[in-house]
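**Q** Please find upload_20.cif (mmCIF, N, CA and C atoms) on the next line:
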```cif
data_target
#
loop_
_atom_site.label_atom_id
_atom_site.label_comp_id
_atom_site.auth_asym_id
_atom_site.auth_seq_id
_atom_site.Cartn_x
_atom_site.Cartn_y
_atom_site.Cartn_z
N MET A 7 -21.75 -5.59 38.89
CA MET A 7 -21.14 -4.29 38.70
C MET A 7 -22.18 -3.20 38.95
N ALA A 8 -21.83 -2.16 39.64
CA ALA A 8 -22.75 -1.09 40.02
C ALA A 8 -23.31 -0.36 38.81
N ILE A 9 -22.49 -0.16 37.80
CA ILE A 9 -22.97 0.55 36.61
C ILE A 9 -24.03 -0.27 35.89
N ASP A 10 -23.82 -1.59 35.79
CA ASP A 10 -24.82 -2.44 35.14
C ASP A 10 -26.14 -2.42 35.90
N GLU A 11 -26.07 -2.37 37.22
CA GLU A 11 -27.30 -2.29 38.02
C GLU A 11 -28.00 -0.96 37.77
N LEU A 12 -27.24 0.11 37.70
CA LEU A 12 -27.82 1.43 37.41
C LEU A 12 -28.47 1.43 36.04
N LEU A 13 -27.81 0.82 35.06
CA LEU A 13 -28.33 0.82 33.69
C LEU A 13 -29.53 -0.11 33.53
N SER A 14 -29.78 -0.98 34.48
CA SER A 14 -30.94 -1.86 34.39
C SER A 14 -32.24 -1.14 34.74
N HIS A 15 -32.14 -0.01 35.40
CA HIS A 15 -33.31 0.80 35.74
C HIS A 15 -33.57 1.77 34.59
N PRO A 16 -34.84 1.99 34.20
CA PRO A 16 -35.14 2.89 33.07
C PRO A 16 -34.54 4.29 33.22
N LEU A 17 -34.62 4.86 34.41
CA LEU A 17 -34.06 6.20 34.62
C LEU A 17 -32.53 6.16 34.51
N GLY A 18 -31.93 5.12 35.06
CA GLY A 18 -30.48 4.95 34.96
C GLY A 18 -30.05 4.78 33.52
N MET A 19 -30.84 4.00 32.75
CA MET A 19 -30.51 3.81 31.34
C MET A 19 -30.62 5.12 30.57
N MET A 20 -31.66 5.91 30.87
CA MET A 20 -31.82 7.20 30.21
C MET A 20 -30.62 8.11 30.52
N LEU A 21 -30.23 8.16 31.78
CA LEU A 21 -29.07 8.97 32.16
C LEU A 21 -27.79 8.45 31.51
N GLY A 22 -27.67 7.14 31.41
CA GLY A 22 -26.51 6.56 30.75
C GLY A 22 -26.43 6.94 29.29
N TYR A 23 -27.55 6.79 28.57
CA TYR A 23 -27.59 7.17 27.16
C TYR A 23 -27.34 8.66 26.97
N PHE A 24 -27.95 9.47 27.84
CA PHE A 24 -27.75 10.91 27.75
C PHE A 24 -26.28 11.27 27.97
N SER A 25 -25.66 10.67 28.97
CA SER A 25 -24.24 10.93 29.26
C SER A 25 -23.36 10.53 28.09
N VAL A 26 -23.65 9.37 27.53
CA VAL A 26 -22.88 8.91 26.36
C VAL A 26 -23.07 9.87 25.20
N ALA A 27 -24.30 10.32 24.99
CA ALA A 27 -24.57 11.23 23.87
C ALA A 27 -23.80 12.53 24.01
N VAL A 28 -23.82 13.12 25.20
CA VAL A 28 -23.11 14.39 25.42
C VAL A 28 -21.60 14.18 25.25
N LEU A 29 -21.09 13.13 25.84
CA LEU A 29 -19.66 12.85 25.73
C LEU A 29 -19.24 12.61 24.28
N GLU A 30 -20.00 11.78 23.58
CA GLU A 30 -19.66 11.50 22.18
C GLU A 30 -19.78 12.76 21.33
N LEU A 31 -20.78 13.57 21.57
CA LEU A 31 -20.93 14.80 20.80
C LEU A 31 -19.71 15.69 20.98
N ILE A 32 -19.24 15.83 22.21
CA ILE A 32 -18.05 16.66 22.48
C ILE A 32 -16.83 16.07 21.80
N VAL A 33 -16.62 14.77 21.95
CA VAL A 33 -15.43 14.12 21.38
C VAL A 33 -15.47 14.15 19.86
N PHE A 34 -16.61 13.78 19.28
CA PHE A 34 -16.69 13.70 17.82
C PHE A 34 -16.62 15.09 17.17
N LEU A 35 -17.24 16.09 17.79
CA LEU A 35 -17.11 17.45 17.26
C LEU A 35 -15.68 17.94 17.37
N SER A 36 -14.99 17.54 18.42
CA SER A 36 -13.57 17.91 18.56
C SER A 36 -12.75 17.28 17.45
N CYS A 37 -13.09 16.06 17.07
CA CYS A 37 -12.39 15.41 15.95
C CYS A 37 -12.64 16.17 14.65
N PHE A 38 -13.88 16.57 14.41
CA PHE A 38 -14.17 17.37 13.22
C PHE A 38 -13.40 18.69 13.27
N GLU A 39 -13.30 19.29 14.44
CA GLU A 39 -12.57 20.55 14.59
C GLU A 39 -11.10 20.38 14.17
N LEU A 40 -10.54 19.20 14.46
CA LEU A 40 -9.14 18.95 14.11
C LEU A 40 -8.91 18.82 12.61
N VAL A 41 -9.93 18.34 11.87
CA VAL A 41 -9.72 18.09 10.45
C VAL A 41 -10.18 19.24 9.56
N THR A 42 -10.98 20.15 10.09
CA THR A 42 -11.38 21.29 9.26
C THR A 42 -10.27 22.34 9.24
N ARG A 43 -10.28 23.15 8.21
CA ARG A 43 -9.24 24.16 8.06
C ARG A 43 -9.64 25.49 8.69
N TYR A 44 -10.65 25.46 9.49
CA TYR A 44 -11.10 26.65 10.21
C TYR A 44 -11.47 26.23 11.63
N LYS A 45 -11.55 27.20 12.50
CA LYS A 45 -11.94 26.96 13.89
C LYS A 45 -13.44 27.21 14.00
N CYS A 46 -14.20 26.13 14.14
CA CYS A 46 -15.66 26.22 14.11
C CYS A 46 -16.21 27.27 15.06
N TRP A 47 -15.85 27.18 16.32
CA TRP A 47 -16.48 28.05 17.31
C TRP A 47 -16.03 29.50 17.19
N GLU A 48 -14.80 29.73 16.72
CA GLU A 48 -14.37 31.11 16.47
C GLU A 48 -15.16 31.70 15.31
N GLU A 49 -15.36 30.92 14.26
CA GLU A 49 -16.12 31.40 13.11
C GLU A 49 -17.59 31.63 13.47
N ILE A 50 -18.15 30.75 14.26
CA ILE A 50 -19.55 30.92 14.68
C ILE A 50 -19.68 32.17 15.54
N LYS A 51 -18.72 32.38 16.43
CA LYS A 51 -18.73 33.58 17.27
C LYS A 51 -18.70 34.85 16.42
N ARG A 52 -17.97 34.79 15.28
CA ARG A 52 -17.89 35.95 14.38
C ARG A 52 -19.16 36.12 13.55
N GLY A 53 -20.06 35.13 13.59
CA GLY A 53 -21.30 35.24 12.84
C GLY A 53 -21.29 34.51 11.51
N ASN A 54 -20.36 33.61 11.30
CA ASN A 54 -20.26 32.87 10.05
C ASN A 54 -21.39 31.83 9.99
N VAL A 55 -22.42 32.15 9.22
CA VAL A 55 -23.60 31.29 9.12
C VAL A 55 -23.27 29.97 8.43
N SER A 56 -22.38 29.98 7.46
CA SER A 56 -22.01 28.75 6.76
C SER A 56 -21.37 27.75 7.70
N VAL A 57 -20.49 28.22 8.56
CA VAL A 57 -19.86 27.33 9.54
C VAL A 57 -20.90 26.83 10.51
N ALA A 58 -21.82 27.70 10.91
CA ALA A 58 -22.89 27.28 11.83
C ALA A 58 -23.75 26.19 11.19
N MET A 59 -24.08 26.34 9.91
CA MET A 59 -24.88 25.32 9.22
C MET A 59 -24.11 24.01 9.11
N ALA A 60 -22.85 24.08 8.70
CA ALA A 60 -22.05 22.87 8.55
C ALA A 60 -21.86 22.18 9.90
N THR A 61 -21.59 22.95 10.94
CA THR A 61 -21.40 22.38 12.28
C THR A 61 -22.71 21.82 12.81
N GLY A 62 -23.79 22.54 12.59
CA GLY A 62 -25.11 22.04 13.00
C GLY A 62 -25.46 20.74 12.31
N GLY A 63 -25.11 20.64 11.03
CA GLY A 63 -25.34 19.39 10.30
C GLY A 63 -24.54 18.24 10.87
N LYS A 64 -23.30 18.53 11.25
CA LYS A 64 -22.47 17.50 11.88
C LYS A 64 -23.04 17.08 13.22
N MET A 65 -23.51 18.06 14.00
CA MET A 65 -24.11 17.75 15.31
C MET A 65 -25.35 16.88 15.13
N PHE A 66 -26.21 17.29 14.20
CA PHE A 66 -27.41 16.50 13.94
C PHE A 66 -27.03 15.10 13.46
N GLY A 67 -26.07 15.03 12.55
CA GLY A 67 -25.65 13.73 12.02
C GLY A 67 -25.13 12.80 13.10
N ILE A 68 -24.29 13.32 13.98
CA ILE A 68 -23.75 12.52 15.08
C ILE A 68 -24.88 12.03 15.98
N CYS A 69 -25.76 12.93 16.36
CA CYS A 69 -26.86 12.56 17.26
C CYS A 69 -27.85 11.62 16.59
N ASN A 70 -28.08 11.79 15.30
CA ASN A 70 -29.01 10.92 14.59
C ASN A 70 -28.46 9.50 14.50
N VAL A 71 -27.18 9.36 14.19
CA VAL A 71 -26.57 8.04 14.17
C VAL A 71 -26.64 7.42 15.56
N LEU A 72 -26.37 8.21 16.57
CA LEU A 72 -26.46 7.73 17.95
C LEU A 72 -27.88 7.27 18.28
N ARG A 73 -28.87 8.00 17.81
CA ARG A 73 -30.27 7.62 18.04
C ARG A 73 -30.57 6.26 17.44
N PHE A 74 -30.15 6.04 16.19
CA PHE A 74 -30.36 4.75 15.55
C PHE A 74 -29.64 3.64 16.32
N ALA A 75 -28.43 3.93 16.79
CA ALA A 75 -27.68 2.93 17.55
C ALA A 75 -28.39 2.60 18.86
N MET A 76 -28.97 3.60 19.50
CA MET A 76 -29.72 3.35 20.74
C MET A 76 -30.92 2.46 20.49
N GLU A 77 -31.62 2.74 19.40
CA GLU A 77 -32.83 1.97 19.10
C GLU A 77 -32.51 0.53 18.72
N ALA A 78 -31.35 0.31 18.11
CA ALA A 78 -31.04 -1.00 17.54
C ALA A 78 -30.32 -1.94 18.50
N LYS A 79 -29.59 -1.42 19.41
CA LYS A 79 -28.71 -2.26 20.23
C LYS A 79 -29.28 -2.49 21.62
N SER A 80 -28.78 -3.51 22.26
CA SER A 80 -29.35 -3.93 23.54
C SER A 80 -28.69 -3.28 24.75
N SER A 81 -27.57 -2.62 24.58
CA SER A 81 -26.89 -2.05 25.74
C SER A 81 -26.24 -0.72 25.38
N VAL A 82 -25.90 0.02 26.42
CA VAL A 82 -25.19 1.29 26.24
C VAL A 82 -23.83 1.02 25.58
N TYR A 83 -23.22 -0.09 25.94
CA TYR A 83 -21.91 -0.42 25.40
C TYR A 83 -21.99 -0.68 23.89
N ASP A 84 -23.00 -1.44 23.45
CA ASP A 84 -23.19 -1.66 22.01
C ASP A 84 -23.47 -0.34 21.30
N THR A 85 -24.27 0.50 21.93
CA THR A 85 -24.57 1.81 21.36
C THR A 85 -23.30 2.62 21.14
N MET A 86 -22.41 2.59 22.12
CA MET A 86 -21.15 3.34 22.00
C MET A 86 -20.32 2.82 20.83
N ILE A 87 -20.26 1.51 20.69
CA ILE A 87 -19.47 0.92 19.60
C ILE A 87 -20.05 1.30 18.25
N TRP A 88 -21.37 1.09 18.08
CA TRP A 88 -21.97 1.35 16.78
C TRP A 88 -22.04 2.83 16.44
N SER A 89 -22.21 3.67 17.43
CA SER A 89 -22.20 5.11 17.13
C SER A 89 -20.80 5.57 16.76
N PHE A 90 -19.77 4.93 17.32
CA PHE A 90 -18.39 5.25 16.92
C PHE A 90 -18.16 4.85 15.47
N VAL A 91 -18.64 3.67 15.10
CA VAL A 91 -18.52 3.23 13.70
C VAL A 91 -19.27 4.21 12.79
N GLY A 92 -20.46 4.62 13.21
CA GLY A 92 -21.22 5.60 12.43
C GLY A 92 -20.49 6.92 12.29
N PHE A 93 -19.84 7.36 13.37
CA PHE A 93 -19.07 8.60 13.31
C PHE A 93 -17.94 8.47 12.30
N LEU A 94 -17.25 7.33 12.30
CA LEU A 94 -16.15 7.12 11.34
C LEU A 94 -16.67 7.23 9.91
N LEU A 95 -17.88 6.72 9.67
CA LEU A 95 -18.46 6.83 8.33
C LEU A 95 -18.82 8.28 8.00
N LEU A 96 -19.32 9.03 8.98
CA LEU A 96 -19.59 10.45 8.75
C LEU A 96 -18.30 11.21 8.46
N LEU A 97 -17.25 10.86 9.16
CA LEU A 97 -15.94 11.48 8.93
C LEU A 97 -15.43 11.14 7.53
N ALA A 98 -15.60 9.89 7.13
CA ALA A 98 -15.20 9.48 5.78
C ALA A 98 -16.00 10.26 4.73
N ALA A 99 -17.28 10.48 5.00
CA ALA A 99 -18.13 11.24 4.07
C ALA A 99 -17.63 12.67 3.96
N TYR A 100 -17.19 13.25 5.06
CA TYR A 100 -16.64 14.61 5.05
C TYR A 100 -15.44 14.67 4.10
N PHE A 101 -14.53 13.70 4.22
CA PHE A 101 -13.35 13.69 3.37
C PHE A 101 -13.72 13.42 1.91
N LEU A 102 -14.70 12.56 1.67
CA LEU A 102 -15.14 12.30 0.29
C LEU A 102 -15.75 13.55 -0.33
N PHE A 103 -16.54 14.29 0.44
CA PHE A 103 -17.15 15.52 -0.06
C PHE A 103 -16.07 16.50 -0.50
N GLU A 104 -15.04 16.64 0.32
CA GLU A 104 -13.92 17.53 -0.04
C GLU A 104 -13.19 17.01 -1.28
N PHE A 105 -12.96 15.69 -1.33
CA PHE A 105 -12.22 15.08 -2.43
C PHE A 105 -13.01 15.13 -3.74
N LEU A 106 -14.31 14.91 -3.67
CA LEU A 106 -15.14 14.86 -4.87
C LEU A 106 -15.53 16.24 -5.40
N THR A 107 -15.07 17.27 -4.74
CA THR A 107 -15.32 18.64 -5.20
C THR A 107 -13.97 19.31 -5.46
N PRO A 108 -13.26 18.88 -6.51
CA PRO A 108 -11.92 19.42 -6.75
C PRO A 108 -11.90 20.83 -7.32
N VAL A 109 -13.04 21.35 -7.72
CA VAL A 109 -13.11 22.68 -8.33
C VAL A 109 -12.77 23.77 -7.32
N PHE A 110 -13.15 23.54 -6.05
CA PHE A 110 -12.83 24.49 -4.98
C PHE A 110 -12.74 23.73 -3.67
N SER A 111 -12.17 24.37 -2.68
CA SER A 111 -12.03 23.78 -1.35
C SER A 111 -13.31 24.02 -0.56
N ILE A 112 -13.94 22.95 -0.14
CA ILE A 112 -15.16 23.06 0.66
C ILE A 112 -14.88 23.87 1.93
N ASP A 113 -13.82 23.49 2.66
CA ASP A 113 -13.50 24.19 3.90
C ASP A 113 -13.26 25.68 3.68
N GLN A 114 -12.56 26.00 2.61
CA GLN A 114 -12.27 27.42 2.33
C GLN A 114 -13.56 28.18 2.03
N GLN A 115 -14.44 27.56 1.25
CA GLN A 115 -15.71 28.21 0.92
C GLN A 115 -16.58 28.41 2.16
N ILE A 116 -16.58 27.42 3.04
CA ILE A 116 -17.36 27.55 4.27
C ILE A 116 -16.75 28.62 5.16
N LYS A 117 -15.43 28.65 5.25
CA LYS A 117 -14.77 29.68 6.05
C LYS A 117 -15.08 31.08 5.52
N GLU A 118 -15.21 31.21 4.19
CA GLU A 118 -15.53 32.49 3.57
C GLU A 118 -17.04 32.79 3.60
N ASP A 119 -17.79 31.98 4.31
CA ASP A 119 -19.23 32.15 4.52
C ASP A 119 -20.04 32.00 3.23
N ASN A 120 -19.63 31.04 2.38
CA ASN A 120 -20.42 30.70 1.21
C ASN A 120 -21.58 29.83 1.71
N ARG A 121 -22.74 30.43 1.84
CA ARG A 121 -23.87 29.76 2.47
C ARG A 121 -24.41 28.61 1.64
N ALA A 122 -24.26 28.67 0.33
CA ALA A 122 -24.69 27.55 -0.51
C ALA A 122 -23.88 26.30 -0.17
N VAL A 123 -22.58 26.47 0.00
CA VAL A 123 -21.71 25.34 0.35
C VAL A 123 -22.00 24.88 1.78
N GLY A 124 -22.22 25.82 2.70
CA GLY A 124 -22.56 25.46 4.07
C GLY A 124 -23.85 24.67 4.14
N LEU A 125 -24.84 25.07 3.34
CA LEU A 125 -26.12 24.37 3.32
C LEU A 125 -25.96 22.95 2.76
N ILE A 126 -25.23 22.83 1.66
CA ILE A 126 -25.00 21.50 1.08
C ILE A 126 -24.25 20.61 2.07
N SER A 127 -23.27 21.18 2.74
CA SER A 127 -22.52 20.41 3.74
C SER A 127 -23.44 19.93 4.86
N MET A 128 -24.33 20.79 5.31
CA MET A 128 -25.28 20.42 6.35
C MET A 128 -26.21 19.30 5.86
N ILE A 129 -26.74 19.45 4.66
CA ILE A 129 -27.67 18.46 4.11
C ILE A 129 -26.97 17.12 3.91
N ILE A 130 -25.72 17.13 3.47
CA ILE A 130 -24.99 15.88 3.30
C ILE A 130 -24.82 15.17 4.64
N SER A 131 -24.43 15.91 5.68
CA SER A 131 -24.28 15.29 7.00
C SER A 131 -25.59 14.71 7.50
N ILE A 132 -26.67 15.45 7.35
CA ILE A 132 -27.97 14.99 7.82
C ILE A 132 -28.43 13.78 7.01
N SER A 133 -28.35 13.88 5.69
CA SER A 133 -28.82 12.80 4.83
C SER A 133 -28.06 11.50 5.07
N LEU A 134 -26.74 11.61 5.10
CA LEU A 134 -25.95 10.41 5.29
C LEU A 134 -26.12 9.82 6.69
N SER A 135 -26.46 10.65 7.67
CA SER A 135 -26.70 10.10 9.00
C SER A 135 -27.90 9.15 9.00
N TYR A 136 -28.89 9.41 8.14
CA TYR A 136 -30.03 8.50 8.03
C TYR A 136 -29.62 7.19 7.37
N VAL A 137 -28.79 7.27 6.35
CA VAL A 137 -28.33 6.06 5.67
C VAL A 137 -27.44 5.24 6.61
N ILE A 138 -26.52 5.91 7.28
CA ILE A 138 -25.65 5.22 8.23
C ILE A 138 -26.47 4.64 9.37
N GLY A 139 -27.40 5.41 9.89
CA GLY A 139 -28.24 4.93 10.98
C GLY A 139 -29.07 3.72 10.59
N ALA A 140 -29.63 3.74 9.40
CA ALA A 140 -30.42 2.60 8.94
C ALA A 140 -29.57 1.35 8.80
N SER A 141 -28.31 1.52 8.46
CA SER A 141 -27.44 0.34 8.32
C SER A 141 -27.00 -0.19 9.69
N VAL A 142 -27.12 0.62 10.73
CA VAL A 142 -26.78 0.17 12.08
C VAL A 142 -27.86 -0.74 12.63
N THR A 143 -29.12 -0.49 12.23
CA THR A 143 -30.23 -1.28 12.79
C THR A 143 -30.30 -2.67 12.22
#
```
Before anything else, please render the file you have as structure tokens.

**A**
Amino acid sequence: MAIDELLSHPLGMMLGYFSVAVLELIVFLSCFELVTRYKCWEEIKRGNVSVAMATGGKMFGICNVLRFAMEAKSSVYDTMIWSFVGFLLLLAAYFLFEFLTPVFSIDQQIKEDNRAVGLISMIISISLSYVIGASVT
């Protein structure tokens, strides 16, 4: 197969991993956009720092899990599978964070630019990406 031959070369493998990373980042961020109660990029455009922090944490989390999957697995295909599993765990963590904070709505607070909540959301995404990534290896 031509793709397997391309991926056998170090430059081809780098391009393959990079392409997968960009594609997964777009797809996974789109999934997060569907489940949040605000429009990330509209809020960021308006200057909402809390949304920027929460979204940045999600981006870092997705890429960090992907990094661990790249380091641990033998092929681009394995990386795609394990990074998808890692994304599902990050998504589950997002829902748990909302569920375990019944005093107020996380999404509503982030939309209202509560920076303390945005920061905690970012730190949770980043922190859990290390735990998820370590379990992938």

**Q** When you count all atoms listed in the file, which of these residues is closest to Phe66 (chain A): A:Ala8, A:Ile132, A:Val82, A:Val41?

**A**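 The shortest atom-to-atom distance to Phe66 (chain A) comes from A:Ile132.
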
**Q** Out of A:Met59, A:Leu134, A:Ile9, A:Val123, which residue has the shortest atom-to-atom distance to Leu95 (chain A) when counting all atoms listed in the file?

**A** A:Leu134

**Q** Work out how far apart CA of Ser135 (chain A) and CA of Val26 (chain A) are and give it in Å to one decimal.

**A**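 CA of Ser135 (chain A) sits 17.8 Å away from CA of Val26 (chain A).
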
**Q** Using all atoms listed in the file, which residue out of A:His15, A:Ser25, A:Val91, A:Ser131 lies closest to Met65 (chain A)?

**A** A:Ser131

**Q** What does the distance from atom N of Ala78 (chain A) to CA of Ser14 (chain A) come to in Å, to one decimal?

**A**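 Pair atom N of Ala78 (chain A) / CA of Ser14 (chain A) returns 16.4 Å.
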
**Q** With a distance cut-off of 12 Å and only C-alpha atoms, select the neighbouring residues of Leu94 (chain A), excluding the residue or stretch itself and same-chain residues fewer than 4 positions from it, and output the selection as a PyMOL selection string.

**A** chain A and resi 34-35+37-38+67-68+71+87-90+98-101+134-135+138

**Q** Could you find all residues in region 7-138 of chain A that DSSP calls alpha helix (DSSP H) from the backbone, and write them as a VMD selection string?

**A** chain A and resid 8 to 14 16 to 41 46 to 51 55 to 78 82 to 105 112 to 117 121 to 138

**Q** Considering only N, CA and C atoms, state which residue in the set A:Gly124, A:Pro108, A:Gly92, A:Gly62 is at the smallest distance from Val142 (chain A).

**A** A:Gly92

**Q** Counting only N, CA and C atoms, figure out which residue out of A:Tyr44, A:Ser36, A:Ala27, A:Leu13 gets nearest to Asp113 (chain A).

**A**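 Result for the nearest residue to Asp113 (chain A): A:Tyr44.
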
**Q** So how many Å separate atom C of Ile50 (chain A) and atom C of Glu104 (chain A), to one decimal?

**A**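 Separation of atom C of Ile50 (chain A) and atom C of Glu104 (chain A): 23.6 Å.
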
**Q** Hey, which of A:Phe93, A:Lys45, A:Gln114, A:Thr143 ends up closest to Lys79 (chain A)? Count all atoms listed in the file.

**A** A:Thr143

**Q** Using the chain letters and residue numbers of this document, give as an mmCIF file with N, CA and C atoms, keeping the file's coordinate frame the residues selected by the PyMOL selection byres ((chain A and resi 119) around 6.5).

**A**
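Saved to part17.cif:
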```cif
data_model
loop_
_atom_site.group_PDB
_atom_site.id
_atom_site.type_symbol
_atom_site.label_atom_id
_atom_site.label_comp_id
_atom_site.auth_asym_id
_atom_site.auth_seq_id
_atom_site.Cartn_x
_atom_site.Cartn_y
_atom_site.Cartn_z
ATOM 1 N N ASN A 54 -20.360 33.610 11.300
ATOM 2 C CA ASN A 54 -20.260 32.870 10.050
ATOM 3 C C ASN A 54 -21.390 31.830 9.990
ATOM 4 N N VAL A 55 -22.420 32.150 9.220
ATOM 5 C CA VAL A 55 -23.600 31.290 9.120
ATOM 6 C C VAL A 55 -23.270 29.970 8.430
ATOM 7 N N SER A 56 -22.380 29.980 7.460
ATOM 8 C CA SER A 56 -22.010 28.750 6.760
ATOM 9 C C SER A 56 -21.370 27.750 7.700
ATOM 10 N N VAL A 57 -20.490 28.220 8.560
ATOM 11 C CA VAL A 57 -19.860 27.330 9.540
ATOM 12 C C VAL A 57 -20.900 26.830 10.510
ATOM 13 N N GLN A 114 -12.560 26.000 2.610
ATOM 14 C CA GLN A 114 -12.270 27.420 2.330
ATOM 15 C C GLN A 114 -13.560 28.180 2.030
ATOM 16 N N GLN A 115 -14.440 27.560 1.250
ATOM 17 C CA GLN A 115 -15.710 28.210 0.920
ATOM 18 C C GLN A 115 -16.580 28.410 2.160
ATOM 19 N N ILE A 116 -16.580 27.420 3.040
ATOM 20 C CA ILE A 116 -17.360 27.550 4.270
ATOM 21 C C ILE A 116 -16.750 28.620 5.160
ATOM 22 N N LYS A 117 -15.430 28.650 5.250
ATOM 23 C CA LYS A 117 -14.770 29.680 6.050
ATOM 24 C C LYS A 117 -15.080 31.080 5.520
ATOM 25 N N GLU A 118 -15.210 31.210 4.190
ATOM 26 C CA GLU A 118 -15.530 32.490 3.570
ATOM 27 C C GLU A 118 -17.040 32.790 3.600
ATOM 28 N N ASN A 120 -19.630 31.040 2.380
ATOM 29 C CA ASN A 120 -20.420 30.700 1.210
ATOM 30 C C ASN A 120 -21.580 29.830 1.710
ATOM 31 N N ARG A 121 -22.740 30.430 1.840
ATOM 32 C CA ARG A 121 -23.870 29.760 2.470
ATOM 33 C C ARG A 121 -24.410 28.610 1.640
ATOM 34 N N ALA A 122 -24.260 28.670 0.330
ATOM 35 C CA ALA A 122 -24.690 27.550 -0.510
ATOM 36 C C ALA A 122 -23.880 26.300 -0.170
#
```
